>>> print(open('input.pdb').read())   # PDB, C-alpha atoms (C1' of nucleotides)
ATOM      1  CA  MET A  23     -27.249 -15.017  42.762
ATOM      2  CA  GLU A  24     -28.221 -13.015  39.722
ATOM      3  CA  ALA A  25     -28.379  -9.281  40.210
ATOM      4  CA  VAL A  26     -26.073  -7.660  42.714
ATOM      5  CA  ARG A  27     -28.035  -6.031  45.503
ATOM      6  CA  GLN A  28     -27.337  -4.071  48.629
ATOM      7  CA  VAL A  29     -28.720  -4.736  52.109
ATOM      8  CA  ASP A  30     -31.202  -1.899  51.711
ATOM      9  CA  SER A  31     -32.456  -3.648  48.560
ATOM     10  CA  ALA A  32     -31.576  -0.716  46.313
ATOM     11  CA  PRO A  33     -30.977  -2.224  42.896
ATOM     12  CA  MET A  34     -27.289  -2.411  41.975
ATOM     13  CA  PHE A  35     -25.630  -3.622  38.800
ATOM     14  CA  SER A  36     -22.301  -5.165  37.963
ATOM     15  CA  ILE A  37     -20.285  -3.883  35.039
ATOM     16  CA  GLY A  38     -21.023  -7.067  33.115
ATOM     17  CA  GLU A  39     -24.761  -6.703  33.578
ATOM     18  CA  LEU A  40     -24.740  -3.183  32.230
ATOM     19  CA  ALA A  41     -22.519  -4.195  29.337
ATOM     20  CA  ARG A  42     -24.969  -6.923  28.359
ATOM     21  CA  GLU A  43     -28.024  -4.722  28.818
ATOM     22  CA  PHE A  44     -26.721  -1.948  26.585
ATOM     23  CA  ASP A  45     -24.725  -4.129  24.228
ATOM     24  CA  ILE A  46     -21.370  -2.491  24.850
ATOM     25  CA  THR A  47     -18.100  -3.837  26.275
ATOM     26  CA  THR A  48     -16.949  -3.499  29.852
ATOM     27  CA  ARG A  49     -13.934  -1.677  28.457
ATOM     28  CA  THR A  50     -16.221   1.016  27.155
ATOM     29  CA  ILE A  51     -17.905   1.452  30.519
ATOM     30  CA  ARG A  52     -14.579   1.695  32.317
ATOM     31  CA  TYR A  53     -13.414   4.193  29.741
ATOM     32  CA  TYR A  54     -16.407   6.403  30.422
ATOM     33  CA  GLU A  55     -15.511   6.329  34.103
ATOM     34  CA  ASP A  56     -11.933   7.206  33.216
ATOM     35  CA  GLN A  57     -13.215  10.232  31.358
ATOM     36  CA  GLY A  58     -15.236  11.375  34.338
ATOM     37  CA  LEU A  59     -18.632  10.407  32.962
ATOM     38  CA  LEU A  60     -19.468   7.701  35.496
ATOM     39  CA  ALA A  61     -18.653   7.304  39.170
ATOM     40  CA  PRO A  62     -19.858   3.938  40.461
ATOM     41  CA  ILE A  63     -19.257   2.992  44.073
ATOM     42  CA  ARG A  64     -16.809   0.260  45.018
ATOM     43  CA  GLU A  65     -17.242  -2.958  46.918
ATOM     44  CA  GLY A  66     -13.623  -3.824  47.444
ATOM     45  CA  ARG A  67     -12.166  -3.386  43.994
ATOM     46  CA  ARG A  68     -15.390  -4.158  42.207
ATOM     47  CA  ARG A  69     -17.573  -1.492  40.690
ATOM     48  CA  LEU A  70     -21.205  -1.293  41.688
ATOM     49  CA  TYR A  71     -23.580   0.791  39.610
ATOM     50  CA  ARG A  72     -26.625   2.406  41.162
ATOM     51  CA  ARG A  73     -29.788   3.414  39.361
ATOM     52  CA  ARG A  74     -28.417   6.884  38.724
ATOM     53  CA  ASP A  75     -25.206   5.459  37.291
ATOM     54  CA  ARG A  76     -27.279   3.367  34.955
ATOM     55  CA  ALA A  77     -29.363   6.418  34.036
ATOM     56  CA  ARG A  78     -26.214   8.368  33.226
ATOM     57  CA  LEU A  79     -24.986   5.557  31.044
ATOM     58  CA  LYS A  80     -28.249   5.742  29.139
ATOM     59  CA  LEU A  81     -27.746   9.467  28.654
ATOM     60  CA  ILE A  82     -24.199   8.910  27.449
ATOM     61  CA  LEU A  83     -25.334   6.418  24.850
ATOM     62  CA  ARG A  84     -28.125   8.653  23.662
ATOM     63  CA  GLY A  85     -25.659  11.496  23.349
ATOM     64  CA  LYS A  86     -23.402   9.302  21.291
ATOM     65  CA  ARG A  87     -26.227   8.309  18.979
ATOM     66  CA  LEU A  88     -26.700  12.024  18.360
ATOM     67  CA  GLY A  89     -23.045  12.464  17.507
ATOM     68  CA  PHE A  90     -21.867  14.285  20.614
ATOM     69  CA  THR A  91     -18.363  13.705  21.881
ATOM     70  CA  LEU A  92     -17.723  12.358  25.342
ATOM     71  CA  GLY A  93     -16.298  15.750  26.228
ATOM     72  CA  GLU A  94     -19.525  17.508  25.295
ATOM     73  CA  ILE A  95     -21.565  14.968  27.212
ATOM     74  CA  ARG A  96     -19.395  15.357  30.274
ATOM     75  CA  GLU A  97     -19.816  19.097  30.173
ATOM     76  CA  THR A  98     -23.572  18.817  30.261
ATOM     77  CA  PHE A  99     -23.259  16.554  33.323
ATOM     78  CA  VAL A 100     -20.893  18.926  35.083
ATOM     79  CA  LEU A 101     -23.137  21.879  34.344
ATOM     80  CA  TYR A 102     -26.225  20.048  35.466
ATOM     81  CA  ASP A 103     -24.561  19.097  38.728
ATOM     82  CA  GLN A 104     -23.447  22.661  39.336
ATOM     83  CA  ALA A 105     -26.809  24.178  38.557
ATOM     84  CA  HIS A 106     -27.993  24.332  42.137
ATOM     85  CA  GLY A 107     -26.106  27.367  43.328
ATOM     86  CA  GLU A 108     -25.673  31.022  42.739
ATOM     87  CA  SER A 109     -27.478  33.266  40.388
ATOM     88  CA  ARG A 110     -24.461  33.657  38.112
ATOM     89  CA  GLN A 111     -24.104  29.918  37.672
ATOM     90  CA  LEU A 112     -27.782  29.595  36.877
ATOM     91  CA  GLN A 113     -27.668  32.446  34.395
ATOM     92  CA  TYR A 114     -24.716  30.868  32.654
ATOM     93  CA  TYR A 115     -26.465  27.518  32.609
ATOM     94  CA  LEU A 116     -29.493  29.080  30.962
ATOM     95  CA  GLY A 117     -27.243  30.422  28.223
ATOM     96  CA  VAL A 118     -25.707  27.040  27.625
ATOM     97  CA  LEU A 119     -29.148  25.483  27.454
ATOM     98  CA  ASP A 120     -30.144  28.037  24.831
ATOM     99  CA  GLU A 121     -27.210  27.018  22.683
ATOM    100  CA  LYS A 122     -27.947  23.341  23.147
ATOM    101  CA  ARG A 123     -31.544  23.894  22.126
ATOM    102  CA  GLU A 124     -30.382  25.687  19.005
ATOM    103  CA  GLN A 125     -28.115  22.795  18.148
ATOM    104  CA  LEU A 126     -30.744  20.150  18.756
ATOM    105  CA  GLN A 127     -33.265  22.040  16.673
ATOM    106  CA  GLN A 128     -30.753  22.301  13.839
ATOM    107  CA  GLN A 129     -30.222  18.578  14.094
ATOM    108  CA  ARG A 130     -33.924  17.954  13.901
ATOM    109  CA  ARG A 131     -34.155  20.075  10.765
ATOM    110  CA  ASP A 132     -31.270  18.075   9.310
ATOM    111  CA  ILE A 133     -33.016  14.843  10.133
ATOM    112  CA  ASP A 134     -36.294  15.959   8.649
ATOM    113  CA  ASP A 135     -34.513  17.014   5.465
ATOM    114  CA  ALA A 136     -32.651  13.734   5.292
ATOM    115  CA  LEU A 137     -35.858  11.766   5.838
ATOM    116  CA  ALA A 138     -37.639  13.711   3.114
ATOM    117  CA  GLU A 139     -34.865  13.003   0.639
ATOM    118  CA  LEU A 140     -34.797   9.401   1.694
ATOM    119  CA  GLU A 141     -38.488   9.013   0.961
ATOM    120  CA  GLN A 142     -37.978  10.525  -2.474
ATOM    121  CA  SER A 143     -35.225   8.063  -3.240
ATOM    122  CA  TYR A 144     -37.427   5.316  -1.923
ATOM    123  CA  ALA A 145     -40.285   6.280  -4.188
ATOM    124  CA  ARG A 146     -38.094   6.625  -7.288
ATOM    125  CA  CYS A 147     -36.537   3.299  -6.524
ATOM    126  CA  GLN A 148     -39.909   1.596  -6.253
ATOM    127  CA  GLU A 149     -41.044   3.178  -9.481
ATOM    128  CA  LEU A 150     -38.027   1.845 -11.324
ATOM    129  CA  LEU A 151     -38.678  -1.585  -9.930
ATOM    130  CA  SER A 152     -42.355  -1.665 -10.799
ATOM    131  CA  ARG A 153     -41.502  -0.529 -14.332
ATOM    132  CA  GLN A 154     -38.970  -3.340 -14.714
ATOM    133  CA  ASN A 155     -41.546  -5.836 -13.505
ATOM    134  CA  THR A 156     -44.135  -4.494 -15.912
ATOM    135  CA  ASP A 157     -42.429  -4.091 -19.262
ATOM    136  CA  GLY A 158     -39.454  -6.330 -18.599
ATOM    137  CA  ALA A 159     -41.461  -9.472 -17.989
ATOM    138  CA  GLY A 160     -41.676 -12.028 -20.743
TER     139      GLY A 160
ATOM    140  CA  MET B   5     -12.411  38.109 -11.136
ATOM    141  CA  GLU B   6     -14.366  36.763  -8.221
ATOM    142  CA  ALA B   7     -15.960  33.412  -8.789
ATOM    143  CA  VAL B   8     -14.257  30.964 -11.084
ATOM    144  CA  ARG B   9     -16.381  30.268 -14.115
ATOM    145  CA  GLN B  10     -16.215  28.129 -17.175
ATOM    146  CA  VAL B  11     -16.784  29.218 -20.727
ATOM    147  CA  ASP B  12     -20.290  27.807 -20.690
ATOM    148  CA  SER B  13     -21.007  30.013 -17.669
ATOM    149  CA  ALA B  14     -21.770  27.078 -15.395
ATOM    150  CA  PRO B  15     -20.948  28.264 -11.874
ATOM    151  CA  MET B  16     -17.681  26.816 -10.549
ATOM    152  CA  PHE B  17     -16.015  27.263  -7.184
ATOM    153  CA  SER B  18     -12.459  27.219  -5.981
ATOM    154  CA  ILE B  19     -11.519  25.248  -2.917
ATOM    155  CA  GLY B  20     -10.990  28.453  -0.988
ATOM    156  CA  GLU B  21     -14.439  29.760  -1.841
ATOM    157  CA  LEU B  22     -16.089  26.605  -0.600
ATOM    158  CA  ALA B  23     -13.955  26.608   2.532
ATOM    159  CA  ARG B  24     -15.073  30.143   3.340
ATOM    160  CA  GLU B  25     -18.703  29.497   2.503
ATOM    161  CA  PHE B  26     -18.978  26.466   4.781
ATOM    162  CA  ASP B  27     -16.478  27.583   7.395
ATOM    163  CA  ILE B  28     -14.132  24.638   7.049
ATOM    164  CA  THR B  29     -10.481  24.397   6.001
ATOM    165  CA  THR B  30      -9.222  23.535   2.549
ATOM    166  CA  ARG B  31      -7.461  20.609   4.181
ATOM    167  CA  THR B  32     -10.824  19.216   5.177
ATOM    168  CA  ILE B  33     -12.175  19.514   1.647
ATOM    169  CA  ARG B  34      -9.103  17.785   0.191
ATOM    170  CA  TYR B  35      -9.428  15.081   2.798
ATOM    171  CA  TYR B  36     -13.000  14.401   1.749
ATOM    172  CA  GLU B  37     -11.770  14.007  -1.800
ATOM    173  CA  ASP B  38      -9.074  11.670  -0.582
ATOM    174  CA  GLN B  39     -11.749   9.572   1.048
ATOM    175  CA  GLY B  40     -13.720   9.343  -2.168
ATOM    176  CA  LEU B  41     -16.484  11.731  -1.127
ATOM    177  CA  LEU B  42     -15.776  14.465  -3.636
ATOM    178  CA  ALA B  43     -14.471  14.415  -7.196
ATOM    179  CA  PRO B  44     -13.938  17.944  -8.489
ATOM    180  CA  ILE B  45     -12.586  18.469 -11.977
ATOM    181  CA  ARG B  46      -9.125  19.846 -12.572
ATOM    182  CA  GLU B  47      -7.935  22.878 -14.399
ATOM    183  CA  GLY B  48      -4.258  22.089 -14.544
ATOM    184  CA  ARG B  49      -3.528  21.152 -10.954
ATOM    185  CA  ARG B  50      -6.276  23.243  -9.490
ATOM    186  CA  ARG B  51      -9.523  21.816  -8.323
ATOM    187  CA  LEU B  52     -12.761  23.203  -9.679
ATOM    188  CA  TYR B  53     -16.003  22.392  -7.931
ATOM    189  CA  ARG B  54     -19.247  22.244  -9.848
ATOM    190  CA  ARG B  55     -22.720  22.753  -8.416
ATOM    191  CA  ARG B  56     -23.066  19.054  -7.755
ATOM    192  CA  ASP B  57     -19.725  18.948  -5.954
ATOM    193  CA  ARG B  58     -20.925  21.777  -3.777
ATOM    194  CA  ALA B  59     -24.204  19.964  -3.184
ATOM    195  CA  ARG B  60     -22.332  16.860  -2.114
ATOM    196  CA  LEU B  61     -20.232  18.885   0.275
ATOM    197  CA  LYS B  62     -23.441  20.179   1.813
ATOM    198  CA  LEU B  63     -24.658  16.623   2.223
ATOM    199  CA  ILE B  64     -21.380  15.594   3.811
ATOM    200  CA  LEU B  65     -21.573  18.379   6.362
ATOM    201  CA  ARG B  66     -25.171  17.594   7.179
ATOM    202  CA  GLY B  67     -24.238  13.969   7.656
ATOM    203  CA  LYS B  68     -21.479  15.004   9.983
ATOM    204  CA  ARG B  69     -23.812  17.182  12.035
ATOM    205  CA  LEU B  70     -25.925  14.080  12.485
ATOM    206  CA  GLY B  71     -22.949  12.087  13.699
ATOM    207  CA  PHE B  72     -22.385   9.885  10.673
ATOM    208  CA  THR B  73     -18.860   8.841   9.793
ATOM    209  CA  LEU B  74     -17.336   9.714   6.458
ATOM    210  CA  GLY B  75     -17.459   6.025   5.627
ATOM    211  CA  GLU B  76     -21.215   5.875   6.170
ATOM    212  CA  ILE B  77     -21.703   9.010   4.122
ATOM    213  CA  ARG B  78     -19.604   7.655   1.290
ATOM    214  CA  GLU B  79     -21.631   4.462   1.241
ATOM    215  CA  THR B  80     -24.853   6.364   0.772
ATOM    216  CA  PHE B  81     -23.263   8.194  -2.165
ATOM    217  CA  VAL B  82     -21.997   5.005  -3.734
ATOM    218  CA  LEU B  83     -25.363   3.335  -3.313
ATOM    219  CA  TYR B  84     -27.208   6.300  -4.690
ATOM    220  CA  ASP B  85     -24.952   6.382  -7.742
ATOM    221  CA  GLN B  86     -25.443   2.668  -8.314
ATOM    222  CA  ALA B  87     -29.181   2.771  -7.926
ATOM    223  CA  HIS B  88     -29.939   3.036 -11.604
ATOM    224  CA  GLY B  89     -29.418  -0.527 -12.621
ATOM    225  CA  GLU B  90     -30.657  -4.019 -12.100
ATOM    226  CA  SER B  91     -33.501  -5.202 -10.008
ATOM    227  CA  ARG B  92     -31.206  -6.790  -7.457
ATOM    228  CA  GLN B  93     -29.319  -3.564  -6.866
ATOM    229  CA  LEU B  94     -32.551  -1.677  -6.455
ATOM    230  CA  GLN B  95     -33.931  -4.246  -4.039
ATOM    231  CA  TYR B  96     -30.787  -4.055  -1.972
ATOM    232  CA  TYR B  97     -30.928  -0.290  -2.031
ATOM    233  CA  LEU B  98     -34.497  -0.347  -0.737
ATOM    234  CA  GLY B  99     -33.353  -2.462   2.178
ATOM    235  CA  VAL B 100     -30.561  -0.080   3.007
ATOM    236  CA  LEU B 101     -32.985   2.821   2.869
ATOM    237  CA  ASP B 102     -35.263   1.010   5.308
ATOM    238  CA  GLU B 103     -32.421   0.712   7.771
ATOM    239  CA  LYS B 104     -31.427   4.326   7.321
ATOM    240  CA  ARG B 105     -35.003   5.404   7.951
ATOM    241  CA  GLU B 106     -35.058   3.367  11.143
ATOM    242  CA  GLN B 107     -31.867   5.001  12.283
ATOM    243  CA  LEU B 108     -33.012   8.509  11.484
ATOM    244  CA  GLN B 109     -36.300   7.956  13.256
ATOM    245  CA  GLN B 110     -34.459   6.690  16.316
ATOM    246  CA  GLN B 111     -32.348   9.798  16.218
ATOM    247  CA  ARG B 112     -35.411  11.966  16.045
ATOM    248  CA  ARG B 113     -36.838  10.259  19.086
ATOM    249  CA  ASP B 114     -33.553  10.827  20.883
ATOM    250  CA  ILE B 115     -33.616  14.478  19.958
ATOM    251  CA  ASP B 116     -37.185  14.943  21.064
ATOM    252  CA  ASP B 117     -36.389  13.294  24.385
ATOM    253  CA  ALA B 118     -33.307  15.436  24.818
ATOM    254  CA  LEU B 119     -35.268  18.576  23.995
ATOM    255  CA  ALA B 120     -37.996  17.678  26.458
ATOM    256  CA  GLU B 121     -35.470  17.164  29.233
ATOM    257  CA  LEU B 122     -33.721  20.355  28.282
ATOM    258  CA  GLU B 123     -36.936  22.323  28.629
ATOM    259  CA  GLN B 124     -37.509  20.825  32.049
ATOM    260  CA  SER B 125     -34.048  21.865  33.169
ATOM    261  CA  TYR B 126     -34.702  25.256  31.695
ATOM    262  CA  ALA B 127     -37.918  25.688  33.635
ATOM    263  CA  ARG B 128     -36.419  24.488  36.918
ATOM    264  CA  CYS B 129     -33.505  26.807  36.422
ATOM    265  CA  GLN B 130     -35.764  29.778  35.831
ATOM    266  CA  GLU B 131     -37.797  28.909  38.891
ATOM    267  CA  LEU B 132     -34.710  28.867  41.070
ATOM    268  CA  LEU B 133     -33.672  32.222  39.688
ATOM    269  CA  SER B 134     -37.037  33.875  40.171
ATOM    270  CA  ARG B 135     -37.130  32.572  43.736
ATOM    271  CA  GLN B 136     -33.704  34.027  44.439
ATOM    272  CA  ASN B 137     -34.809  37.354  43.051
ATOM    273  CA  THR B 138     -37.981  37.295  45.115
ATOM    274  CA  ASP B 139     -37.015  36.259  48.630
ATOM    275  CA  GLY B 140     -33.321  37.039  48.373
ATOM    276  CA  ALA B 141     -33.855  40.740  47.840
ATOM    277  CA  GLY B 142     -33.872  43.070  50.776
TER     278      GLY B 142
ATOM    279  C1'  DA C  21      10.029  42.982 -10.881
ATOM    280  C1'  DG C  22       8.857  41.886  -6.269
ATOM    281  C1'  DG C  23       5.678  40.577  -2.777
ATOM    282  C1'  DA C  24       1.121  38.821  -1.190
ATOM    283  C1'  DA C  25      -2.504  35.543  -1.869
ATOM    284  C1'  DT C  26      -3.949  31.201  -3.312
ATOM    285  C1'  DG C  27      -3.208  26.513  -4.478
ATOM    286  C1'  DC C  28      -0.615  22.026  -4.766
ATOM    287  C1'  DT C  29       1.575  17.507  -2.816
ATOM    288  C1'  DA C  30       3.726  14.916   0.772
ATOM    289  C1'  DA C  31       4.239  13.619   5.273
ATOM    290  C1'  DC C  32       4.305  13.671  10.103
ATOM    291  C1'  DG C  33       1.459  14.846  14.400
ATOM    292  C1'  DT C  34      -2.755  14.775  17.297
ATOM    293  C1'  DT C  35      -7.206  13.779  19.529
ATOM    294  C1'  DT C  36     -11.004  10.678  20.330
ATOM    295  C1'  DA C  37     -12.857   6.360  21.549
ATOM    296  C1'  DC C  38     -12.177   2.603  22.236
ATOM    297  C1'  DG C  39      -9.831  -2.758  21.062
ATOM    298  C1'  DT C  40      -6.770  -6.017  22.627
ATOM    299  C1'  DA C  41      -3.540  -8.484  25.160
ATOM    300  C1'  DA C  42      -1.134  -9.573  29.605
ATOM    301  C1'  DA C  43      -1.185 -10.845  34.282
ATOM    302  C1'  DG C  44      -3.577 -11.547  38.179
ATOM    303  C1'  DG C  45      -7.445 -11.823  42.349
ATOM    304  C1'  DG C  46     -11.572 -14.018  44.207
ATOM    305  C1'  DA C  47     -15.807 -16.792  44.170
ATOM    306  C1'  DA C  48     -18.166 -21.004  42.688
ATOM    307  C1'  DC C  49     -18.883 -25.368  40.632
ATOM    308  C1'  DT C  50     -17.239 -30.423  40.187
TER     309       DT C  50
ATOM    310  C1'  DA D  29      -7.598 -29.206  43.855
ATOM    311  C1'  DG D  30      -8.650 -27.724  39.464
ATOM    312  C1'  DT D  31     -11.240 -25.186  36.274
ATOM    313  C1'  DT D  32     -14.397 -21.736  34.986
ATOM    314  C1'  DC D  33     -16.287 -17.154  35.350
ATOM    315  C1'  DC D  34     -16.231 -12.499  36.392
ATOM    316  C1'  DC D  35     -13.714  -8.789  37.724
ATOM    317  C1'  DT D  36      -9.355  -5.882  38.214
ATOM    318  C1'  DT D  37      -5.291  -2.721  36.500
ATOM    319  C1'  DT D  38      -1.751  -1.506  33.145
ATOM    320  C1'  DA D  39      -0.387  -0.626  28.740
ATOM    321  C1'  DC D  40       0.298  -0.805  23.977
ATOM    322  C1'  DG D  41      -2.352  -0.638  19.394
ATOM    323  C1'  DT D  42      -5.633   1.439  16.123
ATOM    324  C1'  DA D  43      -9.049   3.832  12.999
ATOM    325  C1'  DA D  44     -11.055   8.262  12.016
ATOM    326  C1'  DA D  45     -10.692  12.995  10.968
ATOM    327  C1'  DC D  46      -8.411  16.169  10.437
ATOM    328  C1'  DG D  47      -4.131  19.950  11.979
ATOM    329  C1'  DT D  48       0.276  21.470  10.860
ATOM    330  C1'  DT D  49       4.515  22.115   8.564
ATOM    331  C1'  DA D  50       7.535  22.148   4.531
ATOM    332  C1'  DG D  51       8.586  23.213  -0.013
ATOM    333  C1'  DC D  52       7.158  24.710  -4.348
ATOM    334  C1'  DA D  53       4.116  26.727  -8.460
ATOM    335  C1'  DT D  54       0.721  30.449 -10.036
ATOM    336  C1'  DT D  55      -1.386  34.549 -10.257
ATOM    337  C1'  DC D  56      -2.640  39.208  -8.830
ATOM    338  C1'  DC D  57      -1.358  43.661  -7.477
ATOM    339  C1'  DT D  58       1.421  47.646  -7.438
TER     340       DT D  58
END
>>> encode(input="input.pdb", output="structure tokens")
Amino acid sequence: MEAVRQVDSAPMFSIGELAREFDITTRTIRYYEDQGLLAPIREGRRRLYRRRDRARLKLILRGKRLGFTLGEIRETFVLYDQAHGESRQLQYYLGVLDEKREQLQQQRRDIDDALAELEQSYARCQELLSRQNTDGAG
Amino acid sequence: MEAVRQVDSAPMFSIGELAREFDITTRTIRYYEDQGLLAPIREGRRRLYRRRDRARLKLILRGKRLGFTLGEIRETFVLYDQAHGESRQLQYYLGVLDEKREQLQQQRRDIDDALAELEQSYARCQELLSRQNTDGAG
DNA sequence: AGGAATGCTAACGTTTACGTAAAGGGAACT
DNA sequence: AGTTCCCTTTACGTAAACGTTAGCATTCCT
């Protein structure tokens, strides 16, 4: 047997499969669960990850690539899950989203700046090299 | 006297001034120096930061906003400072820059994805609210 | 001159995000 | 039956990035 599957044929994953797929350790995945970021179902003692668990893991890893802490990532999950209720909750959620958008846009500006500077360095570097190859050759 | 200045009128900053300007603690700034990221000059025991020290601090903070570690940031500084020499160094530097570009572009994709999802959540949230205001009123 | 503000070093404390054993259960291959 | 995987919990260890406290020197203000 390769992939763990349920009777209803909904795709399920073992912790090892996910670890291999995303190139992280099983320890890391368990730690995320410990921190309230994942909630796989159990088959006996074993963890079974559904599609949505796998999707959340993807979101966690993307968040990490962007420099967010696990705490920040968890908060977005909690908020998202709570955003199906009263008007006050929804209003609050909208505010949080506004802040997040601000932050992401700032990050994009930072990235664009960094990329621009990188290209300048790249060009200067190439110039130096081509000069060395031209007048340094004997 | 407000800003610390040298005889030659080159603008200099105290650690406190920089801390206030960038909304960080002096401890943080000293820590960056400890980690080899900053190298202010001394006037007796006191640190004096030149324009380039301030510029580096800006770069550090931008790097941090993008989720880079202080170690990664230091490496870019070291490489940049060394990139004025032999062909081999320059070649190596170009390779590093290629990797950095890859990474930054990945991050931009992540951000764009995150922003797109955020806008979807935003729209759904607003829809829910407008519905509540419409058929919930009476 | 006396106090407040600023700066210094040294050192211990703290949070985050895991790494790394240790000790064991259960299935499967030989 | 023995070994090999894969999974489990528990728990101690660790690197990074500062926070915090202590004790002391300067400098500014009044």
>>> resolve_selection(input="input.pdb", expression="the PyMOL selection byres ((chain A) within 12 of (chain D))", output="list in words")
Ser36, Ile37, Gly38, Glu39, Thr48, Arg49, Arg52, Arg64, Glu65, Gly66, Arg67, Arg68, Arg69 and Leu70 of chain A
>>> interface_residues(input="input.pdb", of="chain B", to="chain A", cutoff="9 Å", atoms="all atoms listed in the file", output="MDAnalysis selection string")
chainID B and resid 66:72 84 87:88 90:91 94:95 97:98 101:102 104:105 108:112 114:116 118:119 122:123 125:126 129:130 132:133 136:137
>>> atom_distance(input="input.pdb", atom1="CA of Leu42 in chain B", atom2="CA of Arg78 in chain B")
9.2 Å
>>> atom_distance(input="input.pdb", atom1="CA of Lys62 in chain B", atom2="CA of Arg24 in chain B")
13.1 Å
>>> resolve_selection(input="input.pdb", expression="the PyMOL selection byres ((chain C) within 9 of (chain B))", output="list in words")
DT26, DG27 and DC28 of chain C
>>> axis_aligned_box(input="input.pdb", around="range 91-107 of chain B", padding_each_side="3 Å", output="AutoDock Vina command-line options")
--center_x -32.3 --center_y -0.7 --center_z 1.1 --size_x 11.9 --size_y 18.2 --size_z 28.3
>>> atom_distance(input="input.pdb", atom1="CA of Glu97 in chain A", atom2="CA of Leu74 in chain B")
25.6 Å
>>> closest_residue(input="input.pdb", among="A:Asp103, A:Tyr53, A:Met34, A:Glu43", to="DA37 in chain C", atoms="all atoms listed in the file")
A:Tyr53
>>> residues_around(input="input.pdb", residues="Ala77 in chain A", least_positions_apart="2", cutoff="12 Å", atoms="all atoms listed in the file", output="list in words")
Phe35, Leu40, Phe44, Leu59, Leu60, Ala61, Pro62, Tyr71, Arg72, Arg73, Arg74, Asp75, Leu79, Lys80, Leu81, Ile82, Leu83, Arg84 and Phe99 of chain A
>>> decode(input="input.pdb", residues="range 113-117 of chain B", atoms="all heavy atoms", output="short mmCIF file (atom, residue, chain, number, x, y, z; two decimals), in the first residue's frame")
data_model
loop_
_atom_site.label_atom_id
_atom_site.label_comp_id
_atom_site.auth_asym_id
_atom_site.auth_seq_id
_atom_site.Cartn_x
_atom_site.Cartn_y
_atom_site.Cartn_z
N ARG B 113 6.04 35.97 -5.44
CA ARG B 113 4.91 35.12 -5.83
C ARG B 113 4.06 34.79 -4.60
O ARG B 113 2.84 34.87 -4.64
CB ARG B 113 5.42 33.82 -6.47
CG ARG B 113 5.86 33.98 -7.91
CD ARG B 113 6.06 32.62 -8.58
NE ARG B 113 7.14 31.85 -7.97
CZ ARG B 113 8.42 31.93 -8.33
NH1 ARG B 113 8.79 32.79 -9.27
NH2 ARG B 113 9.32 31.19 -7.74
N ASP B 114 4.74 34.44 -3.51
CA ASP B 114 4.01 34.13 -2.28
C ASP B 114 3.14 35.31 -1.84
O ASP B 114 1.99 35.15 -1.45
CB ASP B 114 4.99 33.77 -1.16
CG ASP B 114 5.57 32.37 -1.33
OD1 ASP B 114 4.90 31.53 -1.97
OD2 ASP B 114 6.69 32.12 -0.84
N ILE B 115 3.73 36.48 -1.92
CA ILE B 115 2.99 37.67 -1.50
C ILE B 115 1.80 37.92 -2.39
O ILE B 115 0.71 38.23 -1.93
CB ILE B 115 3.93 38.90 -1.49
CG1 ILE B 115 4.85 38.82 -0.27
CG2 ILE B 115 3.13 40.19 -1.46
CD1 ILE B 115 5.77 39.99 -0.15
N ASP B 116 2.00 37.79 -3.69
CA ASP B 116 0.90 38.01 -4.61
C ASP B 116 -0.22 37.00 -4.36
O ASP B 116 -1.41 37.36 -4.37
CB ASP B 116 1.40 37.94 -6.05
CG ASP B 116 2.23 39.18 -6.42
OD1 ASP B 116 2.14 40.18 -5.68
OD2 ASP B 116 2.95 39.13 -7.42
N ASP B 117 0.15 35.76 -4.12
CA ASP B 117 -0.86 34.75 -3.80
C ASP B 117 -1.61 35.13 -2.53
O ASP B 117 -2.84 35.08 -2.48
CB ASP B 117 -0.20 33.37 -3.62
CG ASP B 117 0.35 32.83 -4.94
OD1 ASP B 117 0.05 33.42 -5.99
OD2 ASP B 117 1.08 31.82 -4.90
#
